[in-house]
>>> print(open('start-v3.cif').read())   # mmCIF, N, CA and C atoms
data_data
loop_
_atom_site.label_atom_id
_atom_site.label_comp_id
_atom_site.auth_asym_id
_atom_site.auth_seq_id
_atom_site.Cartn_x
_atom_site.Cartn_y
_atom_site.Cartn_z
N MET A 27 -116.86 -80.98 40.96
CA MET A 27 -117.45 -80.80 42.28
C MET A 27 -118.89 -80.31 42.09
N SER A 28 -119.82 -80.92 42.83
CA SER A 28 -121.24 -80.60 42.68
C SER A 28 -121.61 -79.37 43.50
N VAL A 29 -122.79 -78.87 43.20
CA VAL A 29 -123.32 -77.72 43.94
C VAL A 29 -123.47 -78.07 45.41
N ASN A 30 -123.95 -79.28 45.69
CA ASN A 30 -124.13 -79.70 47.09
C ASN A 30 -122.80 -79.73 47.84
N GLU A 31 -121.73 -80.17 47.17
CA GLU A 31 -120.42 -80.19 47.82
C GLU A 31 -119.95 -78.78 48.14
N ASP A 32 -120.20 -77.85 47.23
CA ASP A 32 -119.86 -76.44 47.49
C ASP A 32 -120.65 -75.90 48.68
N VAL A 33 -121.92 -76.24 48.70
CA VAL A 33 -122.78 -75.78 49.81
C VAL A 33 -122.29 -76.39 51.12
N LEU A 34 -121.91 -77.66 51.11
CA LEU A 34 -121.40 -78.31 52.32
C LEU A 34 -120.13 -77.62 52.82
N ARG A 35 -119.23 -77.29 51.92
CA ARG A 35 -118.00 -76.58 52.31
C ARG A 35 -118.34 -75.22 52.94
N ARG A 36 -119.29 -74.53 52.31
CA ARG A 36 -119.71 -73.22 52.84
C ARG A 36 -120.33 -73.38 54.23
N LEU A 37 -121.13 -74.42 54.41
CA LEU A 37 -121.76 -74.66 55.71
C LEU A 37 -120.73 -74.99 56.79
N VAL A 38 -119.69 -75.74 56.43
CA VAL A 38 -118.62 -76.05 57.38
C VAL A 38 -117.94 -74.75 57.84
N MET A 39 -117.63 -73.87 56.88
CA MET A 39 -117.01 -72.59 57.24
C MET A 39 -117.95 -71.75 58.11
N GLU A 40 -119.22 -71.75 57.75
CA GLU A 40 -120.20 -70.99 58.52
C GLU A 40 -120.31 -71.54 59.95
N LEU A 41 -120.29 -72.86 60.08
CA LEU A 41 -120.33 -73.47 61.41
C LEU A 41 -119.12 -73.09 62.25
N GLN A 42 -117.95 -73.06 61.62
CA GLN A 42 -116.73 -72.67 62.34
C GLN A 42 -116.84 -71.23 62.84
N ILE A 43 -117.31 -70.34 61.99
CA ILE A 43 -117.45 -68.94 62.37
C ILE A 43 -118.49 -68.78 63.48
N LEU A 44 -119.61 -69.47 63.34
CA LEU A 44 -120.64 -69.40 64.38
C LEU A 44 -120.13 -69.94 65.71
N GLN A 45 -119.36 -71.03 65.68
CA GLN A 45 -118.83 -71.60 66.92
C GLN A 45 -117.84 -70.64 67.57
N GLU A 46 -116.98 -70.02 66.77
CA GLU A 46 -116.04 -69.04 67.31
C GLU A 46 -116.78 -67.85 67.93
N THR A 47 -117.84 -67.42 67.26
CA THR A 47 -118.65 -66.32 67.78
C THR A 47 -119.30 -66.72 69.10
N ALA A 48 -119.83 -67.93 69.17
CA ALA A 48 -120.45 -68.42 70.40
C ALA A 48 -119.42 -68.48 71.53
N ASP A 49 -118.22 -68.95 71.23
CA ASP A 49 -117.16 -69.02 72.24
C ASP A 49 -116.81 -67.63 72.76
N THR A 50 -116.71 -66.66 71.87
CA THR A 50 -116.39 -65.29 72.26
C THR A 50 -117.48 -64.72 73.16
N ILE A 51 -118.73 -64.94 72.78
CA ILE A 51 -119.84 -64.45 73.59
C ILE A 51 -119.85 -65.12 74.96
N GLN A 52 -119.56 -66.42 75.01
CA GLN A 52 -119.51 -67.12 76.30
C GLN A 52 -118.41 -66.54 77.18
N GLN A 53 -117.27 -66.19 76.60
CA GLN A 53 -116.20 -65.57 77.38
C GLN A 53 -116.65 -64.22 77.93
N ARG A 54 -117.34 -63.44 77.11
CA ARG A 54 -117.82 -62.13 77.55
C ARG A 54 -118.87 -62.29 78.65
N ILE A 55 -119.71 -63.31 78.55
CA ILE A 55 -120.68 -63.57 79.61
C ILE A 55 -119.96 -63.91 80.92
N GLY A 56 -118.92 -64.72 80.82
CA GLY A 56 -118.14 -65.07 82.01
C GLY A 56 -117.51 -63.84 82.66
N LEU A 57 -116.96 -62.95 81.84
CA LEU A 57 -116.38 -61.72 82.38
C LEU A 57 -117.45 -60.84 83.02
N THR A 58 -118.62 -60.82 82.42
CA THR A 58 -119.72 -60.03 82.97
C THR A 58 -120.15 -60.59 84.32
N TYR A 59 -120.26 -61.91 84.42
CA TYR A 59 -120.61 -62.52 85.70
C TYR A 59 -119.56 -62.20 86.77
N ALA A 60 -118.29 -62.22 86.39
CA ALA A 60 -117.22 -61.91 87.34
C ALA A 60 -117.35 -60.47 87.84
N ALA A 61 -117.65 -59.54 86.93
CA ALA A 61 -117.82 -58.14 87.32
C ALA A 61 -119.03 -57.97 88.22
N ILE A 62 -120.12 -58.67 87.92
CA ILE A 62 -121.32 -58.62 88.76
C ILE A 62 -121.00 -59.14 90.15
N ASN A 63 -120.29 -60.25 90.22
CA ASN A 63 -119.90 -60.84 91.51
C ASN A 63 -119.04 -59.87 92.31
N GLU A 64 -118.11 -59.22 91.64
CA GLU A 64 -117.23 -58.26 92.31
C GLU A 64 -118.04 -57.11 92.90
N LEU A 65 -119.01 -56.60 92.16
CA LEU A 65 -119.86 -55.52 92.67
C LEU A 65 -120.72 -55.99 93.84
N GLN A 66 -121.20 -57.22 93.79
CA GLN A 66 -122.00 -57.74 94.90
C GLN A 66 -121.15 -57.88 96.16
N ILE A 67 -119.90 -58.29 95.99
CA ILE A 67 -118.99 -58.38 97.15
C ILE A 67 -118.75 -56.98 97.71
N ALA A 68 -118.53 -56.00 96.83
CA ALA A 68 -118.32 -54.63 97.29
C ALA A 68 -119.54 -54.12 98.05
N HIS A 69 -120.71 -54.40 97.51
CA HIS A 69 -121.96 -53.97 98.17
C HIS A 69 -122.08 -54.61 99.55
N ASN A 70 -121.83 -55.91 99.64
CA ASN A 70 -121.91 -56.61 100.92
C ASN A 70 -120.90 -56.09 101.92
N THR A 71 -119.70 -55.77 101.43
CA THR A 71 -118.67 -55.22 102.30
C THR A 71 -119.11 -53.87 102.85
N LEU A 72 -119.70 -53.04 102.00
CA LEU A 72 -120.20 -51.74 102.46
C LEU A 72 -121.31 -51.90 103.49
N GLU A 73 -122.17 -52.87 103.28
CA GLU A 73 -123.24 -53.13 104.26
C GLU A 73 -122.63 -53.45 105.63
N GLY A 74 -121.56 -54.24 105.63
CA GLY A 74 -120.89 -54.58 106.88
C GLY A 74 -120.21 -53.36 107.51
N ILE A 75 -119.60 -52.53 106.68
CA ILE A 75 -118.91 -51.35 107.19
C ILE A 75 -119.91 -50.36 107.80
N LYS A 76 -121.08 -50.25 107.21
CA LYS A 76 -122.10 -49.32 107.73
C LYS A 76 -122.45 -49.63 109.19
N LYS A 77 -122.32 -50.87 109.58
CA LYS A 77 -122.69 -51.29 110.93
C LYS A 77 -121.57 -51.05 111.94
N GLU A 78 -120.40 -50.72 111.45
CA GLU A 78 -119.24 -50.57 112.33
C GLU A 78 -119.02 -49.10 112.72
N LYS A 79 -118.29 -48.93 113.83
CA LYS A 79 -117.94 -47.59 114.30
C LYS A 79 -116.49 -47.31 113.96
N ASN A 80 -116.14 -46.01 113.91
CA ASN A 80 -114.74 -45.65 113.68
C ASN A 80 -113.87 -46.32 114.73
N GLY A 81 -112.71 -46.84 114.30
CA GLY A 81 -111.79 -47.53 115.20
C GLY A 81 -112.03 -49.02 115.31
N SER A 82 -113.12 -49.50 114.75
CA SER A 82 -113.42 -50.94 114.80
C SER A 82 -112.39 -51.73 113.98
N SER A 83 -112.07 -52.92 114.47
CA SER A 83 -111.19 -53.82 113.71
C SER A 83 -112.03 -54.55 112.67
N LEU A 84 -111.49 -54.64 111.45
CA LEU A 84 -112.22 -55.25 110.34
C LEU A 84 -111.34 -56.24 109.59
N LEU A 85 -111.97 -57.20 108.96
CA LEU A 85 -111.32 -58.06 107.98
C LEU A 85 -111.92 -57.66 106.63
N ILE A 86 -111.09 -57.14 105.74
CA ILE A 86 -111.55 -56.67 104.44
C ILE A 86 -111.12 -57.69 103.38
N PRO A 87 -112.08 -58.16 102.57
CA PRO A 87 -111.72 -59.13 101.51
C PRO A 87 -110.85 -58.47 100.45
N ILE A 88 -109.79 -59.18 100.09
CA ILE A 88 -108.89 -58.66 99.05
C ILE A 88 -108.88 -59.56 97.82
N GLY A 89 -109.73 -60.58 97.83
CA GLY A 89 -109.84 -61.50 96.69
C GLY A 89 -109.19 -62.83 96.99
N GLY A 90 -109.57 -63.82 96.23
CA GLY A 90 -108.98 -65.16 96.38
C GLY A 90 -109.23 -65.78 97.74
N GLY A 91 -110.32 -65.38 98.40
CA GLY A 91 -110.62 -65.92 99.72
C GLY A 91 -109.69 -65.40 100.80
N SER A 92 -109.03 -64.27 100.54
CA SER A 92 -108.07 -63.70 101.48
C SER A 92 -108.59 -62.37 102.03
N TYR A 93 -108.14 -62.05 103.25
CA TYR A 93 -108.59 -60.85 103.93
C TYR A 93 -107.40 -60.13 104.54
N VAL A 94 -107.59 -58.84 104.79
CA VAL A 94 -106.56 -58.06 105.48
C VAL A 94 -107.21 -57.47 106.73
N LYS A 95 -106.46 -57.51 107.85
CA LYS A 95 -106.95 -56.89 109.09
C LYS A 95 -106.66 -55.40 109.01
N THR A 96 -107.64 -54.63 109.43
CA THR A 96 -107.46 -53.18 109.41
C THR A 96 -108.37 -52.55 110.46
N LYS A 97 -108.13 -51.29 110.75
CA LYS A 97 -108.99 -50.51 111.65
C LYS A 97 -109.73 -49.49 110.80
N LEU A 98 -111.00 -49.33 111.09
CA LEU A 98 -111.84 -48.41 110.35
C LEU A 98 -111.57 -46.99 110.84
N GLU A 99 -111.05 -46.18 109.93
CA GLU A 99 -110.71 -44.80 110.28
C GLU A 99 -111.91 -43.87 110.10
N ASP A 100 -112.62 -44.02 108.98
CA ASP A 100 -113.77 -43.17 108.69
C ASP A 100 -114.86 -44.04 108.09
N SER A 101 -115.92 -44.25 108.85
CA SER A 101 -116.97 -45.16 108.39
C SER A 101 -117.94 -44.50 107.42
N GLU A 102 -117.75 -43.24 107.12
CA GLU A 102 -118.66 -42.52 106.22
C GLU A 102 -118.10 -42.32 104.81
N LYS A 103 -116.81 -42.27 104.66
CA LYS A 103 -116.20 -41.96 103.36
C LYS A 103 -115.36 -43.14 102.87
N LEU A 104 -115.34 -43.30 101.56
CA LEU A 104 -114.48 -44.31 100.94
C LEU A 104 -114.07 -43.84 99.56
N ILE A 105 -113.11 -44.51 99.00
CA ILE A 105 -112.60 -44.19 97.67
C ILE A 105 -113.21 -45.19 96.69
N VAL A 106 -113.83 -44.67 95.62
CA VAL A 106 -114.52 -45.52 94.65
C VAL A 106 -113.91 -45.31 93.27
N GLY A 107 -113.53 -46.40 92.62
CA GLY A 107 -113.03 -46.33 91.26
C GLY A 107 -114.16 -45.99 90.31
N ILE A 108 -113.89 -45.04 89.39
CA ILE A 108 -114.93 -44.65 88.43
C ILE A 108 -114.51 -44.99 87.00
N GLY A 109 -113.37 -45.67 86.85
CA GLY A 109 -112.91 -46.09 85.53
C GLY A 109 -111.63 -45.39 85.13
N ALA A 110 -110.93 -45.99 84.19
CA ALA A 110 -109.67 -45.45 83.65
C ALA A 110 -108.67 -45.12 84.76
N ASN A 111 -108.61 -45.99 85.78
CA ASN A 111 -107.71 -45.81 86.93
C ASN A 111 -107.92 -44.49 87.66
N VAL A 112 -109.15 -44.01 87.66
CA VAL A 112 -109.51 -42.80 88.38
C VAL A 112 -110.44 -43.19 89.52
N ALA A 113 -110.19 -42.62 90.71
CA ALA A 113 -111.01 -42.90 91.87
C ALA A 113 -111.39 -41.58 92.54
N VAL A 114 -112.57 -41.58 93.15
CA VAL A 114 -113.05 -40.38 93.84
C VAL A 114 -113.56 -40.77 95.23
N GLU A 115 -113.59 -39.79 96.12
CA GLU A 115 -114.12 -40.02 97.45
C GLU A 115 -115.64 -39.87 97.43
N LYS A 116 -116.31 -40.82 98.04
CA LYS A 116 -117.78 -40.80 98.12
C LYS A 116 -118.19 -41.26 99.50
N ASN A 117 -119.42 -40.89 99.89
CA ASN A 117 -119.95 -41.47 101.12
C ASN A 117 -120.54 -42.84 100.78
N ILE A 118 -120.87 -43.59 101.79
CA ILE A 118 -121.32 -44.97 101.55
C ILE A 118 -122.58 -45.00 100.69
N GLY A 119 -123.52 -44.12 100.93
CA GLY A 119 -124.75 -44.09 100.14
C GLY A 119 -124.49 -43.83 98.67
N GLU A 120 -123.61 -42.87 98.39
CA GLU A 120 -123.26 -42.57 96.99
C GLU A 120 -122.56 -43.75 96.34
N ALA A 121 -121.68 -44.39 97.11
CA ALA A 121 -120.97 -45.56 96.57
C ALA A 121 -121.94 -46.69 96.26
N GLN A 122 -122.88 -46.95 97.17
CA GLN A 122 -123.84 -48.02 96.93
C GLN A 122 -124.72 -47.70 95.72
N GLU A 123 -125.07 -46.43 95.56
CA GLU A 123 -125.86 -46.03 94.39
C GLU A 123 -125.05 -46.24 93.10
N ALA A 124 -123.77 -45.89 93.14
CA ALA A 124 -122.90 -46.09 91.97
C ALA A 124 -122.79 -47.58 91.66
N PHE A 125 -122.63 -48.41 92.69
CA PHE A 125 -122.54 -49.86 92.50
C PHE A 125 -123.83 -50.40 91.90
N GLN A 126 -124.97 -49.92 92.39
CA GLN A 126 -126.25 -50.38 91.89
C GLN A 126 -126.42 -50.02 90.42
N THR A 127 -126.02 -48.80 90.05
CA THR A 127 -126.10 -48.36 88.66
C THR A 127 -125.24 -49.26 87.77
N ARG A 128 -124.02 -49.53 88.20
CA ARG A 128 -123.13 -50.41 87.44
C ARG A 128 -123.71 -51.81 87.33
N LEU A 129 -124.26 -52.28 88.45
CA LEU A 129 -124.84 -53.62 88.48
C LEU A 129 -125.99 -53.74 87.48
N LEU A 130 -126.85 -52.74 87.44
CA LEU A 130 -127.97 -52.77 86.49
C LEU A 130 -127.46 -52.77 85.05
N ARG A 131 -126.43 -51.96 84.76
CA ARG A 131 -125.85 -51.94 83.41
C ARG A 131 -125.27 -53.29 83.05
N LEU A 132 -124.54 -53.88 83.98
CA LEU A 132 -123.93 -55.19 83.72
C LEU A 132 -124.98 -56.27 83.52
N GLU A 133 -126.05 -56.20 84.27
CA GLU A 133 -127.12 -57.19 84.10
C GLU A 133 -127.77 -57.04 82.72
N LYS A 134 -127.92 -55.81 82.23
CA LYS A 134 -128.45 -55.60 80.88
C LYS A 134 -127.49 -56.15 79.84
N VAL A 135 -126.19 -55.91 80.04
CA VAL A 135 -125.18 -56.45 79.12
C VAL A 135 -125.23 -57.97 79.12
N ARG A 136 -125.29 -58.55 80.32
CA ARG A 136 -125.36 -60.02 80.44
C ARG A 136 -126.59 -60.57 79.72
N ASP A 137 -127.74 -59.93 79.93
CA ASP A 137 -128.97 -60.39 79.29
C ASP A 137 -128.87 -60.29 77.77
N SER A 138 -128.29 -59.20 77.29
CA SER A 138 -128.11 -59.02 75.85
C SER A 138 -127.17 -60.09 75.28
N LEU A 139 -126.09 -60.35 75.98
CA LEU A 139 -125.14 -61.37 75.53
C LEU A 139 -125.79 -62.75 75.53
N GLN A 140 -126.58 -63.04 76.55
CA GLN A 140 -127.25 -64.34 76.60
C GLN A 140 -128.24 -64.49 75.44
N LYS A 141 -128.92 -63.40 75.11
CA LYS A 141 -129.85 -63.44 73.98
C LYS A 141 -129.07 -63.68 72.68
N GLN A 142 -127.94 -62.98 72.52
CA GLN A 142 -127.11 -63.19 71.33
C GLN A 142 -126.63 -64.63 71.25
N LEU A 143 -126.22 -65.18 72.39
CA LEU A 143 -125.74 -66.56 72.42
C LEU A 143 -126.86 -67.53 72.02
N GLU A 144 -128.06 -67.30 72.53
CA GLU A 144 -129.19 -68.16 72.17
C GLU A 144 -129.44 -68.11 70.67
N GLU A 145 -129.35 -66.91 70.07
CA GLU A 145 -129.55 -66.78 68.62
C GLU A 145 -128.48 -67.52 67.85
N ILE A 146 -127.24 -67.42 68.30
CA ILE A 146 -126.12 -68.10 67.64
C ILE A 146 -126.30 -69.62 67.75
N VAL A 147 -126.68 -70.09 68.93
CA VAL A 147 -126.89 -71.53 69.13
C VAL A 147 -128.00 -72.04 68.22
N THR A 148 -129.05 -71.25 68.06
CA THR A 148 -130.14 -71.62 67.15
C THR A 148 -129.61 -71.70 65.72
N LYS A 149 -128.80 -70.71 65.31
CA LYS A 149 -128.21 -70.74 63.96
C LYS A 149 -127.31 -71.96 63.79
N ILE A 150 -126.53 -72.27 64.82
CA ILE A 150 -125.64 -73.44 64.74
C ILE A 150 -126.48 -74.71 64.55
N THR A 151 -127.54 -74.84 65.33
CA THR A 151 -128.41 -76.02 65.24
C THR A 151 -129.03 -76.12 63.85
N ASN A 152 -129.55 -75.01 63.34
CA ASN A 152 -130.16 -75.01 62.01
C ASN A 152 -129.14 -75.32 60.93
N THR A 153 -127.95 -74.76 61.05
CA THR A 153 -126.90 -74.99 60.05
C THR A 153 -126.45 -76.45 60.09
N ARG A 154 -126.32 -77.01 61.28
CA ARG A 154 -125.94 -78.44 61.40
C ARG A 154 -127.02 -79.33 60.78
N THR A 155 -128.28 -79.00 61.01
CA THR A 155 -129.37 -79.78 60.43
C THR A 155 -129.32 -79.70 58.91
N HIS A 156 -129.12 -78.50 58.39
CA HIS A 156 -129.01 -78.32 56.93
C HIS A 156 -127.81 -79.10 56.39
N PHE A 157 -126.69 -79.02 57.09
CA PHE A 157 -125.49 -79.76 56.69
C PHE A 157 -125.77 -81.26 56.66
N GLN A 158 -126.40 -81.76 57.70
CA GLN A 158 -126.69 -83.20 57.79
C GLN A 158 -127.61 -83.64 56.65
N THR A 159 -128.62 -82.84 56.37
CA THR A 159 -129.56 -83.16 55.29
C THR A 159 -128.85 -83.21 53.94
N LEU A 160 -128.03 -82.18 53.66
CA LEU A 160 -127.31 -82.15 52.39
C LEU A 160 -126.30 -83.29 52.29
N SER A 161 -125.65 -83.57 53.40
CA SER A 161 -124.67 -84.65 53.42
C SER A 161 -125.34 -85.99 53.12
N GLU A 162 -126.49 -86.22 53.69
CA GLU A 162 -127.23 -87.47 53.44
C GLU A 162 -127.69 -87.54 51.98
N GLN A 163 -128.15 -86.39 51.44
CA GLN A 163 -128.56 -86.36 50.04
C GLN A 163 -127.39 -86.65 49.11
N LEU A 164 -126.25 -86.09 49.44
CA LEU A 164 -125.05 -86.30 48.63
C LEU A 164 -124.63 -87.78 48.68
N GLN A 165 -124.66 -88.37 49.88
CA GLN A 165 -124.32 -89.78 50.03
C GLN A 165 -125.31 -90.66 49.26
N GLU A 166 -126.58 -90.33 49.35
CA GLU A 166 -127.62 -91.09 48.65
C GLU A 166 -127.42 -90.98 47.14
N GLY A 167 -127.08 -89.79 46.67
CA GLY A 167 -126.84 -89.59 45.24
C GLY A 167 -125.66 -90.38 44.74
N LYS A 168 -124.61 -90.49 45.56
CA LYS A 168 -123.43 -91.26 45.16
C LYS A 168 -123.74 -92.75 45.12
N ARG A 169 -124.62 -93.21 46.01
CA ARG A 169 -124.97 -94.64 46.02
C ARG A 169 -125.78 -95.00 44.79
N ASN A 170 -126.58 -94.08 44.31
CA ASN A 170 -127.44 -94.36 43.15
C ASN A 170 -126.69 -94.24 41.82
N VAL A 171 -125.47 -93.76 41.85
CA VAL A 171 -124.73 -93.59 40.59
C VAL A 171 -124.05 -94.87 40.19
#
>>> encode(input="start-v3.cif", output="structure tokens")
Amino acid sequence: MSVNEDVLRRLVMELQILQETADTIQQRIGLTYAAINELQIAHNTLEGIKKEKNGSSLLIPIGGGSYVKTKLEDSEKLIVGIGANVAVEKNIGEAQEAFQTRLLRLEKVRDSLQKQLEEIVTKITNTRTHFQTLSEQLQEGKRNV
């Protein structure tokens, strides 16, 4: 087995690892977009609630394009999840501030993941080019023998 064949095998393994890494990063980007969307929906819902008075009838989104009818008991306070299945009572302003903080963090994570994905895609492209070049050289060498 020639050196070029060893290098080709190594490049194939490297390409597989890079592709798996790219797939994982794409999944994480998708999850990040879903979390961003969820926070935007929460923010929009709070904007709507701010305009309502106590006792108003509301349709609250519960996901999947579905809503629940309810009456607004207290338009100033709500329960906000803070992680690890823990929730606290906050006023609307505090909740919106918490959502904005989370949103900014998620956008930074998304941007970082997209940058990582771009770097991986560049590595994949370069590795494929190197693989193609070596493969052609190997084929040319076999024809000349």
>>> residues_around(input="start-v3.cif", residues="Glu31 in chain A", least_positions_apart="6", cutoff="12 Å", atoms="only C-alpha atoms", output="PDB file with N, CA and C atoms, in the coordinates of the input")
ATOM      1  N   LEU A  37    -121.130 -74.420  54.410  1.00  0.00           N
ATOM      2  CA  LEU A  37    -121.760 -74.660  55.710  1.00  0.00           C
ATOM      3  C   LEU A  37    -120.730 -74.990  56.790  1.00  0.00           C
ATOM      4  N   VAL A  38    -119.690 -75.740  56.430  1.00  0.00           N
ATOM      5  CA  VAL A  38    -118.620 -76.050  57.380  1.00  0.00           C
ATOM      6  C   VAL A  38    -117.940 -74.750  57.840  1.00  0.00           C
ATOM      7  N   PHE A 157    -126.690 -79.020  57.090  1.00  0.00           N
ATOM      8  CA  PHE A 157    -125.490 -79.760  56.690  1.00  0.00           C
ATOM      9  C   PHE A 157    -125.770 -81.260  56.660  1.00  0.00           C
ATOM     10  N   LEU A 160    -128.030 -82.180  53.660  1.00  0.00           N
ATOM     11  CA  LEU A 160    -127.310 -82.150  52.390  1.00  0.00           C
ATOM     12  C   LEU A 160    -126.300 -83.290  52.290  1.00  0.00           C
ATOM     13  N   SER A 161    -125.650 -83.570  53.400  1.00  0.00           N
ATOM     14  CA  SER A 161    -124.670 -84.650  53.420  1.00  0.00           C
ATOM     15  C   SER A 161    -125.340 -85.990  53.120  1.00  0.00           C
ATOM     16  N   GLU A 162    -126.490 -86.220  53.690  1.00  0.00           N
ATOM     17  CA  GLU A 162    -127.230 -87.470  53.440  1.00  0.00           C
ATOM     18  C   GLU A 162    -127.690 -87.540  51.980  1.00  0.00           C
ATOM     19  N   GLN A 163    -128.150 -86.390  51.440  1.00  0.00           N
ATOM     20  CA  GLN A 163    -128.560 -86.360  50.040  1.00  0.00           C
ATOM     21  C   GLN A 163    -127.390 -86.650  49.110  1.00  0.00           C
ATOM     22  N   LEU A 164    -126.250 -86.090  49.440  1.00  0.00           N
ATOM     23  CA  LEU A 164    -125.050 -86.300  48.630  1.00  0.00           C
ATOM     24  C   LEU A 164    -124.630 -87.780  48.680  1.00  0.00           C
ATOM     25  N   GLN A 165    -124.660 -88.370  49.880  1.00  0.00           N
ATOM     26  CA  GLN A 165    -124.320 -89.780  50.030  1.00  0.00           C
ATOM     27  C   GLN A 165    -125.310 -90.660  49.260  1.00  0.00           C
ATOM     28  N   GLY A 167    -127.080 -89.790  46.670  1.00  0.00           N
ATOM     29  CA  GLY A 167    -126.840 -89.590  45.240  1.00  0.00           C
ATOM     30  C   GLY A 167    -125.660 -90.380  44.740  1.00  0.00           C
ATOM     31  N   LYS A 168    -124.610 -90.490  45.560  1.00  0.00           N
ATOM     32  CA  LYS A 168    -123.430 -91.260  45.160  1.00  0.00           C
ATOM     33  C   LYS A 168    -123.740 -92.750  45.120  1.00  0.00           C
TER      34      LYS A 168
END
>>> atom_distance(input="start-v3.cif", atom1="atom C of Leu104 in chain A", atom2="CA of Gly56 in chain A")
27.8 Å
>>> resolve_selection(input="start-v3.cif", expression="the PyMOL selection byres ((chain A and resi 98) around 5)", output="VMD selection string")
chain A and resid 80 to 82 96 to 97 99 to 100
>>> atom_distance(input="start-v3.cif", atom1="CA of Gln126 in chain A", atom2="atom C of Ala48 in chain A")
28.1 Å
>>> residues_around(input="start-v3.cif", residues="Lys76 in chain A", least_positions_apart="2", cutoff="10 Å", atoms="only C-alpha atoms", output="list in words")
Asn70, Thr71, Leu72, Glu73, Gly74, Glu78, Lys79, Ser101, Glu102, Ile118 and Gly119 of chain A
>>> closest_residue(input="start-v3.cif", among="A:Thr127, A:Ser138, A:Thr153, A:Thr148", to="Ile62 in chain A", atoms="only C-alpha atoms")
A:Thr127
>>> select_by_dssp(input="start-v3.cif", residues="range 52-151 of chain A", states="strand (DSSP E or B)", output="list in words")
Ser83, Leu84, Leu85, Ile86, Pro87, Ile88, Gly89, Ser92, Tyr93, Val94, Lys95, Thr96, Lys97, Lys103, Leu104, Ile105, Val106, Gly107, Ile108, Gly109, Val112, Ala113, Val114, Glu115, Lys116 and Asn117 of chain A
>>> closest_residue(input="start-v3.cif", among="A:Leu34, A:Thr50, A:Ala61, A:Leu44", to="Arg128 in chain A", atoms="only N, CA and C atoms")
A:Ala61
>>> atom_distance(input="start-v3.cif", atom1="CA of Val33 in chain A", atom2="CA of His156 in chain A")
9.8 Å
>>> residues_around(input="start-v3.cif", residues="Thr47 in chain A", least_positions_apart="6", cutoff="8 Å", atoms="all atoms listed in the file", output="ChimeraX atom specification")
/A:41,53,142-143,146
>>> select_by_dssp(input="start-v3.cif", residues="chain A", states="alpha helix (DSSP H)", output="PyMOL selection string")
chain A and resi 29-76+118-169
>>> residues_around(input="start-v3.cif", residues="Lys116 in chain A", least_positions_apart="2", cutoff="7 Å", atoms="only C-alpha atoms", output="list in words")
Lys103, Leu104, Ile105, Val106, Val114, Ile118, Glu120 and Ala121 of chain A
>>> closest_residue(input="start-v3.cif", among="A:His69, A:Arg154, A:Arg36, A:Glu64", to="Ile88 in chain A", atoms="only C-alpha atoms")
A:Glu64
>>> axis_aligned_box(input="start-v3.cif", around="range 132-150 of chain A", padding_each_side="5 Å", output="AutoDock Vina command-line options")
--center_x -127.0 --center_y -64.3 --center_z 74.0 --size_x 16.2 --size_y 30.8 --size_z 30.5
